[in-house]
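Heads up, final_7.cif below (mmCIF, N, CA and C atoms):
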data_upload
loop_
_atom_site.label_atom_id
_atom_site.label_comp_id
_atom_site.auth_asym_id
_atom_site.auth_seq_id
_atom_site.Cartn_x
_atom_site.Cartn_y
_atom_site.Cartn_z
N MET P 13 94.97 99.52 131.61
CA MET P 13 96.09 98.89 130.96
C MET P 13 97.18 99.92 130.75
N ALA P 14 98.41 99.55 130.88
CA ALA P 14 99.54 100.47 130.75
C ALA P 14 99.80 100.81 129.29
N ASN P 15 100.69 101.76 129.09
CA ASN P 15 101.09 102.11 127.73
C ASN P 15 101.70 100.90 127.03
N ILE P 16 101.42 100.78 125.78
CA ILE P 16 101.99 99.71 124.97
C ILE P 16 102.67 100.37 123.79
N SER P 17 103.86 99.95 123.49
CA SER P 17 104.56 100.53 122.34
C SER P 17 104.87 99.42 121.36
N SER P 18 105.41 99.83 120.24
CA SER P 18 105.69 98.89 119.17
C SER P 18 106.99 98.13 119.40
N GLY P 19 107.58 98.28 120.52
CA GLY P 19 108.84 97.59 120.76
C GLY P 19 109.73 98.45 121.62
N ILE P 20 110.91 98.73 121.14
CA ILE P 20 111.89 99.48 121.91
C ILE P 20 111.73 100.96 121.62
N LEU P 21 111.60 101.76 122.68
CA LEU P 21 111.46 103.20 122.51
C LEU P 21 112.80 103.82 122.20
N GLY P 22 112.75 104.96 121.55
CA GLY P 22 113.98 105.66 121.23
C GLY P 22 114.11 105.86 119.73
N ASP P 23 115.23 106.41 119.32
CA ASP P 23 115.42 106.73 117.92
C ASP P 23 116.31 105.75 117.19
N ALA P 24 116.47 104.56 117.69
CA ALA P 24 117.27 103.55 116.99
C ALA P 24 116.42 102.98 115.86
N SER P 25 116.68 103.41 114.63
CA SER P 25 115.82 103.05 113.51
C SER P 25 115.74 101.55 113.27
N THR P 26 116.69 100.79 113.78
CA THR P 26 116.66 99.34 113.64
C THR P 26 115.43 98.76 114.32
N PHE P 27 114.98 99.38 115.41
CA PHE P 27 113.87 98.85 116.18
C PHE P 27 112.54 99.53 115.86
N ASN P 28 112.53 100.48 114.94
CA ASN P 28 111.30 101.13 114.56
C ASN P 28 110.58 100.28 113.52
N LEU P 29 109.30 100.47 113.41
CA LEU P 29 108.49 99.69 112.48
C LEU P 29 108.81 100.05 111.03
N LYS P 30 109.02 99.02 110.24
CA LYS P 30 109.20 99.21 108.80
C LYS P 30 108.07 98.49 108.09
N GLU P 31 107.65 99.02 106.95
CA GLU P 31 106.55 98.40 106.23
C GLU P 31 106.99 97.09 105.62
N ILE P 32 106.09 96.11 105.67
CA ILE P 32 106.34 94.81 105.05
C ILE P 32 105.16 94.49 104.14
N ASN P 33 105.36 93.57 103.24
CA ASN P 33 104.30 93.11 102.37
C ASN P 33 103.24 92.41 103.21
N THR P 34 101.98 92.63 102.91
CA THR P 34 100.91 92.03 103.70
C THR P 34 100.93 90.50 103.63
N SER P 35 101.56 89.94 102.62
CA SER P 35 101.67 88.48 102.53
C SER P 35 102.70 87.93 103.52
N SER P 36 103.47 88.81 104.17
CA SER P 36 104.51 88.40 105.11
C SER P 36 104.05 88.40 106.57
N ILE P 37 102.77 88.67 106.80
CA ILE P 37 102.31 88.69 108.19
C ILE P 37 102.24 87.27 108.74
N ARG P 38 102.30 87.17 110.05
CA ARG P 38 102.25 85.87 110.72
C ARG P 38 100.95 85.14 110.35
N ASN P 39 101.02 83.84 110.12
CA ASN P 39 99.85 83.05 109.73
C ASN P 39 98.73 83.15 110.74
N GLU P 40 99.07 83.24 112.02
CA GLU P 40 98.06 83.29 113.06
C GLU P 40 97.17 84.52 112.92
N ILE P 41 97.72 85.62 112.46
CA ILE P 41 96.94 86.84 112.32
C ILE P 41 95.82 86.63 111.32
N ASN P 42 96.09 85.95 110.22
CA ASN P 42 95.04 85.66 109.23
C ASN P 42 93.91 84.85 109.84
N MET P 43 94.23 84.00 110.80
CA MET P 43 93.19 83.18 111.44
C MET P 43 92.28 84.02 112.35
N PHE P 44 92.76 85.17 112.81
CA PHE P 44 91.97 86.04 113.69
C PHE P 44 90.99 86.93 112.91
N LEU P 45 91.17 87.06 111.62
CA LEU P 45 90.34 87.96 110.83
C LEU P 45 88.91 87.44 110.75
N VAL P 46 87.95 88.36 110.79
CA VAL P 46 86.54 88.01 110.71
C VAL P 46 86.05 88.25 109.28
N ASP P 47 84.83 87.78 108.99
CA ASP P 47 84.25 87.99 107.65
C ASP P 47 84.23 89.47 107.32
N GLY P 48 84.68 89.80 106.13
CA GLY P 48 84.69 91.19 105.69
C GLY P 48 85.89 91.99 106.16
N GLU P 49 86.77 91.37 106.91
CA GLU P 49 87.96 92.08 107.40
C GLU P 49 89.13 91.79 106.47
N ALA P 50 89.87 92.84 106.13
CA ALA P 50 91.01 92.69 105.23
C ALA P 50 92.20 93.46 105.76
N VAL P 51 93.38 92.93 105.54
CA VAL P 51 94.61 93.60 105.94
C VAL P 51 94.87 94.75 104.97
N VAL P 52 95.15 95.93 105.54
CA VAL P 52 95.41 97.13 104.74
C VAL P 52 96.91 97.39 104.64
N GLN P 53 97.60 97.36 105.77
CA GLN P 53 99.05 97.59 105.82
C GLN P 53 99.62 96.78 106.96
N ALA P 54 100.92 96.45 106.83
CA ALA P 54 101.59 95.68 107.88
C ALA P 54 102.98 96.24 108.09
N PHE P 55 103.43 96.18 109.35
CA PHE P 55 104.73 96.71 109.74
C PHE P 55 105.40 95.72 110.68
N GLN P 56 106.72 95.83 110.77
CA GLN P 56 107.46 94.88 111.60
C GLN P 56 108.71 95.53 112.18
N THR P 57 109.01 95.16 113.43
CA THR P 57 110.33 95.43 113.99
C THR P 57 111.14 94.17 113.70
N ILE P 58 112.12 93.86 114.49
CA ILE P 58 112.89 92.64 114.25
C ILE P 58 111.99 91.42 114.40
N ARG P 59 111.14 91.38 115.45
CA ARG P 59 110.29 90.21 115.69
C ARG P 59 108.81 90.53 115.78
N ASP P 60 108.45 91.71 116.24
CA ASP P 60 107.05 92.07 116.44
C ASP P 60 106.42 92.56 115.14
N GLN P 61 105.09 92.44 115.07
CA GLN P 61 104.36 92.94 113.91
C GLN P 61 103.16 93.76 114.35
N VAL P 62 102.84 94.78 113.55
CA VAL P 62 101.65 95.59 113.74
C VAL P 62 100.91 95.56 112.41
N VAL P 63 99.65 95.11 112.47
CA VAL P 63 98.86 94.93 111.26
C VAL P 63 97.62 95.83 111.34
N PHE P 64 97.43 96.67 110.33
CA PHE P 64 96.27 97.53 110.22
C PHE P 64 95.29 96.85 109.28
N THR P 65 94.08 96.58 109.78
CA THR P 65 93.03 96.02 108.92
C THR P 65 92.00 97.12 108.70
N ASN P 66 90.94 96.79 108.00
CA ASN P 66 89.88 97.77 107.79
C ASN P 66 88.97 97.90 109.01
N LYS P 67 89.22 97.11 110.08
CA LYS P 67 88.39 97.16 111.28
C LYS P 67 89.17 97.43 112.57
N ARG P 68 90.48 97.13 112.57
CA ARG P 68 91.24 97.22 113.82
C ARG P 68 92.75 97.19 113.56
N ILE P 69 93.48 97.32 114.67
CA ILE P 69 94.93 97.16 114.66
C ILE P 69 95.22 95.89 115.46
N ILE P 70 96.03 95.01 114.90
CA ILE P 70 96.43 93.79 115.59
C ILE P 70 97.93 93.87 115.84
N VAL P 71 98.32 93.68 117.10
CA VAL P 71 99.73 93.71 117.47
C VAL P 71 100.15 92.29 117.85
N ALA P 72 101.22 91.81 117.22
CA ALA P 72 101.82 90.52 117.56
C ALA P 72 103.12 90.81 118.27
N ASN P 73 103.16 90.50 119.57
CA ASN P 73 104.33 90.78 120.40
C ASN P 73 105.04 89.46 120.69
N VAL P 74 106.18 89.26 120.04
CA VAL P 74 106.96 88.03 120.22
C VAL P 74 107.77 88.17 121.50
N GLN P 75 107.70 87.12 122.36
CA GLN P 75 108.33 87.20 123.67
C GLN P 75 109.33 86.08 123.87
N GLY P 76 110.23 86.30 124.79
CA GLY P 76 111.20 85.27 125.17
C GLY P 76 112.34 85.13 124.20
N ILE P 77 113.33 84.38 124.62
CA ILE P 77 114.53 84.19 123.81
C ILE P 77 114.23 83.39 122.55
N THR P 78 113.41 82.35 122.69
CA THR P 78 113.13 81.49 121.54
C THR P 78 112.09 82.09 120.60
N GLY P 79 111.26 82.99 121.09
CA GLY P 79 110.22 83.59 120.27
C GLY P 79 109.02 82.70 120.05
N LYS P 80 108.92 81.62 120.81
CA LYS P 80 107.77 80.72 120.66
C LYS P 80 106.52 81.29 121.30
N LYS P 81 106.69 82.12 122.30
CA LYS P 81 105.54 82.73 122.97
C LYS P 81 105.22 84.05 122.27
N VAL P 82 103.97 84.18 121.83
CA VAL P 82 103.53 85.38 121.13
C VAL P 82 102.20 85.82 121.71
N SER P 83 102.09 87.11 122.02
CA SER P 83 100.80 87.63 122.45
C SER P 83 100.21 88.44 121.29
N TYR P 84 98.92 88.25 121.07
CA TYR P 84 98.19 88.96 120.02
C TYR P 84 97.15 89.84 120.69
N ILE P 85 97.17 91.11 120.36
CA ILE P 85 96.23 92.05 120.97
C ILE P 85 95.51 92.79 119.85
N SER P 86 94.19 92.88 119.98
CA SER P 86 93.34 93.52 118.99
C SER P 86 92.83 94.85 119.53
N TYR P 87 92.96 95.90 118.72
CA TYR P 87 92.51 97.23 119.09
C TYR P 87 91.54 97.74 118.02
N PRO P 88 90.22 97.66 118.27
CA PRO P 88 89.25 98.09 117.26
C PRO P 88 89.21 99.61 117.10
N TYR P 89 89.09 100.05 115.84
CA TYR P 89 89.01 101.48 115.56
C TYR P 89 87.78 102.10 116.23
N SER P 90 86.74 101.33 116.44
CA SER P 90 85.51 101.86 117.04
C SER P 90 85.72 102.35 118.47
N LYS P 91 86.80 101.95 119.09
CA LYS P 91 87.08 102.35 120.48
C LYS P 91 88.12 103.46 120.59
N VAL P 92 88.60 103.98 119.45
CA VAL P 92 89.60 105.06 119.46
C VAL P 92 88.92 106.37 119.82
N LEU P 93 89.40 107.03 120.87
CA LEU P 93 88.89 108.34 121.26
C LEU P 93 89.58 109.44 120.47
N TYR P 94 90.90 109.37 120.41
CA TYR P 94 91.66 110.34 119.64
C TYR P 94 93.02 109.76 119.30
N PHE P 95 93.66 110.39 118.30
CA PHE P 95 94.99 109.96 117.91
C PHE P 95 95.78 111.17 117.45
N GLY P 96 97.09 111.02 117.45
CA GLY P 96 97.98 112.09 117.03
C GLY P 96 99.17 111.51 116.32
N VAL P 97 99.90 112.37 115.65
CA VAL P 97 101.04 111.94 114.87
C VAL P 97 102.17 112.95 115.04
N GLU P 98 103.38 112.45 115.01
CA GLU P 98 104.57 113.29 114.98
C GLU P 98 105.40 112.81 113.80
N THR P 99 105.61 113.68 112.84
CA THR P 99 106.36 113.29 111.65
C THR P 99 107.86 113.34 111.92
N ALA P 100 108.60 112.66 111.08
CA ALA P 100 110.06 112.64 111.21
C ALA P 100 110.62 114.01 110.86
N GLY P 101 111.71 114.36 111.51
CA GLY P 101 112.36 115.64 111.26
C GLY P 101 113.81 115.43 110.86
N LEU P 102 114.58 116.50 110.95
CA LEU P 102 115.98 116.44 110.55
C LEU P 102 116.80 115.61 111.54
N LEU P 103 116.63 115.85 112.84
CA LEU P 103 117.39 115.10 113.84
C LEU P 103 116.59 113.95 114.44
N ASP P 104 115.27 114.08 114.47
CA ASP P 104 114.40 113.03 114.99
C ASP P 104 114.02 112.16 113.79
N ILE P 105 114.65 111.00 113.66
CA ILE P 105 114.56 110.24 112.42
C ILE P 105 113.39 109.28 112.34
N ASP P 106 112.51 109.28 113.34
CA ASP P 106 111.35 108.40 113.26
C ASP P 106 110.07 109.24 113.33
N SER P 107 108.97 108.63 112.93
CA SER P 107 107.67 109.26 113.09
C SER P 107 106.87 108.41 114.07
N GLU P 108 105.93 109.04 114.76
CA GLU P 108 105.20 108.36 115.81
C GLU P 108 103.71 108.52 115.62
N LEU P 109 102.99 107.45 115.90
CA LEU P 109 101.54 107.46 115.91
C LEU P 109 101.10 107.15 117.33
N LEU P 110 100.24 108.00 117.88
CA LEU P 110 99.72 107.83 119.24
C LEU P 110 98.22 107.66 119.15
N LEU P 111 97.69 106.64 119.83
CA LEU P 111 96.25 106.40 119.86
C LEU P 111 95.80 106.23 121.31
N THR P 112 94.64 106.78 121.64
CA THR P 112 94.05 106.58 122.96
C THR P 112 92.67 105.97 122.77
N PHE P 113 92.41 104.92 123.55
CA PHE P 113 91.17 104.16 123.43
C PHE P 113 90.23 104.48 124.59
N ALA P 114 88.97 104.11 124.42
CA ALA P 114 87.93 104.42 125.40
C ALA P 114 88.22 103.88 126.79
N ASN P 115 88.96 102.77 126.89
CA ASN P 115 89.25 102.20 128.21
C ASN P 115 90.52 102.79 128.84
N GLY P 116 91.11 103.79 128.20
CA GLY P 116 92.30 104.43 128.73
C GLY P 116 93.60 103.89 128.18
N THR P 117 93.55 102.83 127.41
CA THR P 117 94.76 102.27 126.81
C THR P 117 95.35 103.28 125.82
N ARG P 118 96.66 103.42 125.89
CA ARG P 118 97.38 104.31 124.97
C ARG P 118 98.42 103.50 124.22
N LEU P 119 98.43 103.66 122.91
CA LEU P 119 99.42 102.99 122.07
C LEU P 119 100.34 104.02 121.45
N GLN P 120 101.60 103.65 121.33
CA GLN P 120 102.57 104.48 120.61
C GLN P 120 103.32 103.57 119.65
N PHE P 121 103.26 103.90 118.38
CA PHE P 121 103.99 103.17 117.37
C PHE P 121 105.07 104.07 116.79
N ASP P 122 106.31 103.61 116.79
CA ASP P 122 107.43 104.35 116.23
C ASP P 122 107.77 103.74 114.88
N PHE P 123 107.67 104.55 113.82
CA PHE P 123 107.91 104.09 112.46
C PHE P 123 109.23 104.64 111.93
N GLN P 124 109.84 103.90 111.02
CA GLN P 124 111.02 104.40 110.34
C GLN P 124 110.64 105.63 109.53
N SER P 125 111.60 106.49 109.26
CA SER P 125 111.31 107.78 108.63
C SER P 125 110.73 107.65 107.22
N ASN P 126 110.98 106.55 106.54
CA ASN P 126 110.48 106.41 105.17
C ASN P 126 109.02 105.95 105.10
N VAL P 127 108.38 105.68 106.24
CA VAL P 127 106.98 105.27 106.27
C VAL P 127 106.10 106.51 106.14
N ASP P 128 105.09 106.44 105.28
CA ASP P 128 104.17 107.56 105.06
C ASP P 128 103.14 107.60 106.19
N ILE P 129 103.49 108.25 107.28
CA ILE P 129 102.64 108.31 108.47
C ILE P 129 101.35 109.07 108.18
N LYS P 130 101.38 110.02 107.27
CA LYS P 130 100.18 110.79 106.95
C LYS P 130 99.14 109.90 106.28
N GLN P 131 99.57 108.95 105.48
CA GLN P 131 98.66 108.01 104.84
C GLN P 131 97.97 107.13 105.89
N ILE P 132 98.73 106.69 106.89
CA ILE P 132 98.16 105.89 107.96
C ILE P 132 97.12 106.70 108.71
N CYS P 133 97.42 107.95 109.02
CA CYS P 133 96.48 108.81 109.76
C CYS P 133 95.21 109.07 108.95
N ALA P 134 95.36 109.25 107.65
CA ALA P 134 94.19 109.46 106.80
C ALA P 134 93.29 108.23 106.84
N TYR P 135 93.89 107.06 106.81
CA TYR P 135 93.09 105.83 106.86
C TYR P 135 92.37 105.71 108.20
N ILE P 136 93.09 105.95 109.29
CA ILE P 136 92.48 105.86 110.62
C ILE P 136 91.35 106.89 110.75
N SER P 137 91.54 108.07 110.21
CA SER P 137 90.48 109.10 110.24
C SER P 137 89.21 108.60 109.57
N ASN P 138 89.35 107.93 108.44
CA ASN P 138 88.18 107.40 107.74
C ASN P 138 87.47 106.32 108.57
N CYS P 139 88.21 105.58 109.36
CA CYS P 139 87.62 104.53 110.18
C CYS P 139 87.01 105.06 111.46
N VAL P 140 87.57 106.12 112.00
CA VAL P 140 87.17 106.61 113.32
C VAL P 140 86.08 107.68 113.23
N LEU P 141 86.19 108.55 112.26
CA LEU P 141 85.27 109.71 112.19
C LEU P 141 84.00 109.41 111.43
#
File written out as structure tokens:
Amino acid sequence: MANISSGILGDASTFNLKEINTSSIRNEINMFLVDGEAVVQAFQTIRDQVVFTNKRIIVANVQGITGKKVSYISYPYSKVLYFGVETAGLLDIDSELLLTFANGTRLQFDFQSNVDIKQICAYISNCVL
């Protein structure tokens, strides 16, 4: 599978993931949750959402002009081989989370600079290690 990102690459903070209240996630995502699974954090670009649960990452990719077509992809923490982070700097105004999975899939999430990326990495470490 090819690289998947959280939306539009680059430093345009409008398109980077911003944290949202977990009650604001798409209704369909709640239907995908299994027994004992809970949403930990949720993020959104203009239309797409990335939801971190205690078992996996769920990406909702809204497609098309009308936004009626949505693809949902589940990435279990149990399949993460390694991950890395790049924090926001003075000129680079976003932070990035990179994950590589056992099947070769690589994810890159670009977050707005006010998102605590270190907290996300600490949580993923507890799930993966």
Taking all atoms listed in the file into account, produce a table as a Markdown table in which each residue of range 24-111 of chain P with an atom at most 8 Å from an atom of range 133-136 of chain P appears once, together with its shortest atom pair and the distance in Å to one decimal, ordered by chain and rising number.
| residue | atom | partner | partner_atom | distance |
| --- | --- | --- | --- | --- |
| P:Tyr89 | CA | P:Ile136 | CA | 7.5 |
| P:Gly96 | C | P:Cys133 | CA | 7.6 |
| P:Val97 | CA | P:Cys133 | CA | 7.5 |
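Nearest residue to Asn126 in chain P, choosing from P:Val82, P:Val74, P:Val62, P:Ile105 and counting all atoms listed in the file: P:Ile105.
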Checklist entry - Between CA of Ala114 in chain P and CA of Leu93 in chain P, what is the distance, to one decimal in Å? => result 5.8 Å
Next on the checklist: One number please: atom N of Val51 in chain P to atom N of Lys80 in chain P, in Å, one decimal.
Outcome noted: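 Going from atom N of Val51 in chain P over to atom N of Lys80 in chain P, I get 24.5 Å.
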Checklist entry - Evaluating the PyMOL selection byres ((chain P and resi 107) around 6) on the displayed file yields which residues, as JSON, numbers by chain? => result {"P": [98, 99, 100, 105, 106, 108, 109, 121, 122, 123, 124, 125]}
Now that the selection is made, can you save its residues with N, CA and C atoms as an mmCIF file, in the frame of the given file?
data_model
loop_
_atom_site.group_PDB
_atom_site.id
_atom_site.type_symbol
_atom_site.label_atom_id
_atom_site.label_comp_id
_atom_site.auth_asym_id
_atom_site.auth_seq_id
_atom_site.Cartn_x
_atom_site.Cartn_y
_atom_site.Cartn_z
ATOM 1 N N GLU P 98 103.380 112.450 115.010
ATOM 2 C CA GLU P 98 104.570 113.290 114.980
ATOM 3 C C GLU P 98 105.400 112.810 113.800
ATOM 4 N N THR P 99 105.610 113.680 112.840
ATOM 5 C CA THR P 99 106.360 113.290 111.650
ATOM 6 C C THR P 99 107.860 113.340 111.920
ATOM 7 N N ALA P 100 108.600 112.660 111.080
ATOM 8 C CA ALA P 100 110.060 112.640 111.210
ATOM 9 C C ALA P 100 110.620 114.010 110.860
ATOM 10 N N ILE P 105 114.650 111.000 113.660
ATOM 11 C CA ILE P 105 114.560 110.240 112.420
ATOM 12 C C ILE P 105 113.390 109.280 112.340
ATOM 13 N N ASP P 106 112.510 109.280 113.340
ATOM 14 C CA ASP P 106 111.350 108.400 113.260
ATOM 15 C C ASP P 106 110.070 109.240 113.330
ATOM 16 N N GLU P 108 105.930 109.040 114.760
ATOM 17 C CA GLU P 108 105.200 108.360 115.810
ATOM 18 C C GLU P 108 103.710 108.520 115.620
ATOM 19 N N LEU P 109 102.990 107.450 115.900
ATOM 20 C CA LEU P 109 101.540 107.460 115.910
ATOM 21 C C LEU P 109 101.100 107.150 117.330
ATOM 22 N N PHE P 121 103.260 103.900 118.380
ATOM 23 C CA PHE P 121 103.990 103.170 117.370
ATOM 24 C C PHE P 121 105.070 104.070 116.790
ATOM 25 N N ASP P 122 106.310 103.610 116.790
ATOM 26 C CA ASP P 122 107.430 104.350 116.230
ATOM 27 C C ASP P 122 107.770 103.740 114.880
ATOM 28 N N PHE P 123 107.670 104.550 113.820
ATOM 29 C CA PHE P 123 107.910 104.090 112.460
ATOM 30 C C PHE P 123 109.230 104.640 111.930
ATOM 31 N N GLN P 124 109.840 103.900 111.020
ATOM 32 C CA GLN P 124 111.020 104.400 110.340
ATOM 33 C C GLN P 124 110.640 105.630 109.530
ATOM 34 N N SER P 125 111.600 106.490 109.260
ATOM 35 C CA SER P 125 111.310 107.780 108.630
ATOM 36 C C SER P 125 110.730 107.650 107.220
#
Next on the checklist: I'd like to see the residues matched by the PyMOL selection byres ((chain P and resi 111) around 7) on this file, and ideally I'd get them as a ChimeraX atom specification.
Outcome noted: /P:92-96,109-110,112-113,117-121
Checklist entry - Expanded to explicit residues, what is the PyMOL selection byres ((chain P and resi 73) around 6) for this file, as number ranges by chain? => result P: 60-61, 71-72, 74-75, 81-84
Store the residues picked out above, limited to N, CA and C atoms, as a short mmCIF file (atom, residue, chain, number, x, y, z; two decimals), in the frame of the given file.
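Result saved to result.cif:
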data_model
loop_
_atom_site.label_atom_id
_atom_site.label_comp_id
_atom_site.auth_asym_id
_atom_site.auth_seq_id
_atom_site.Cartn_x
_atom_site.Cartn_y
_atom_site.Cartn_z
N ASP P 60 108.45 91.71 116.24
CA ASP P 60 107.05 92.07 116.44
C ASP P 60 106.42 92.56 115.14
N GLN P 61 105.09 92.44 115.07
CA GLN P 61 104.36 92.94 113.91
C GLN P 61 103.16 93.76 114.35
N VAL P 71 98.32 93.68 117.10
CA VAL P 71 99.73 93.71 117.47
C VAL P 71 100.15 92.29 117.85
N ALA P 72 101.22 91.81 117.22
CA ALA P 72 101.82 90.52 117.56
C ALA P 72 103.12 90.81 118.27
N VAL P 74 106.18 89.26 120.04
CA VAL P 74 106.96 88.03 120.22
C VAL P 74 107.77 88.17 121.50
N GLN P 75 107.70 87.12 122.36
CA GLN P 75 108.33 87.20 123.67
C GLN P 75 109.33 86.08 123.87
N LYS P 81 106.69 82.12 122.30
CA LYS P 81 105.54 82.73 122.97
C LYS P 81 105.22 84.05 122.27
N VAL P 82 103.97 84.18 121.83
CA VAL P 82 103.53 85.38 121.13
C VAL P 82 102.20 85.82 121.71
N SER P 83 102.09 87.11 122.02
CA SER P 83 100.80 87.63 122.45
C SER P 83 100.21 88.44 121.29
N TYR P 84 98.92 88.25 121.07
CA TYR P 84 98.19 88.96 120.02
C TYR P 84 97.15 89.84 120.69
#
Checklist entry - For the atom pair CA of Ser137 in chain P and CA of Glu40 in chain P, what is the interatomic distance in Å to one decimal place? => result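 Separation between CA of Ser137 in chain P and CA of Glu40 in chain P: 27.0 Å.
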Listed atoms of range 110-127 of chain P boxed axis-aligned with 4 Å per side, centre + edges as JSON:
{"center_x": 99.8, "center_y": 105.1, "center_z": 117.0, "size_x": 31.7, "size_y": 13.8, "size_z": 31.7}
Could you tell me, as an mmCIF file with N, CA and C atoms, keeping the file's coordinate frame, which residues have any atom at most 6 Å from (93.1, 95.2, 106.4), counting only C-alpha atoms?
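Okay, part_30.cif is ready:
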data_model
loop_
_atom_site.group_PDB
_atom_site.id
_atom_site.type_symbol
_atom_site.label_atom_id
_atom_site.label_comp_id
_atom_site.auth_asym_id
_atom_site.auth_seq_id
_atom_site.Cartn_x
_atom_site.Cartn_y
_atom_site.Cartn_z
ATOM 1 N N ALA P 50 89.870 92.840 106.130
ATOM 2 C CA ALA P 50 91.010 92.690 105.230
ATOM 3 C C ALA P 50 92.200 93.460 105.760
ATOM 4 N N VAL P 51 93.380 92.930 105.540
ATOM 5 C CA VAL P 51 94.610 93.600 105.940
ATOM 6 C C VAL P 51 94.870 94.750 104.970
ATOM 7 N N VAL P 52 95.150 95.930 105.540
ATOM 8 C CA VAL P 52 95.410 97.130 104.740
ATOM 9 C C VAL P 52 96.910 97.390 104.640
ATOM 10 N N PHE P 64 97.430 96.670 110.330
ATOM 11 C CA PHE P 64 96.270 97.530 110.220
ATOM 12 C C PHE P 64 95.290 96.850 109.280
ATOM 13 N N THR P 65 94.080 96.580 109.780
ATOM 14 C CA THR P 65 93.030 96.020 108.920
ATOM 15 C C THR P 65 92.000 97.120 108.700
ATOM 16 N N ASN P 66 90.940 96.790 108.000
ATOM 17 C CA ASN P 66 89.880 97.770 107.790
ATOM 18 C C ASN P 66 88.970 97.900 109.010
#
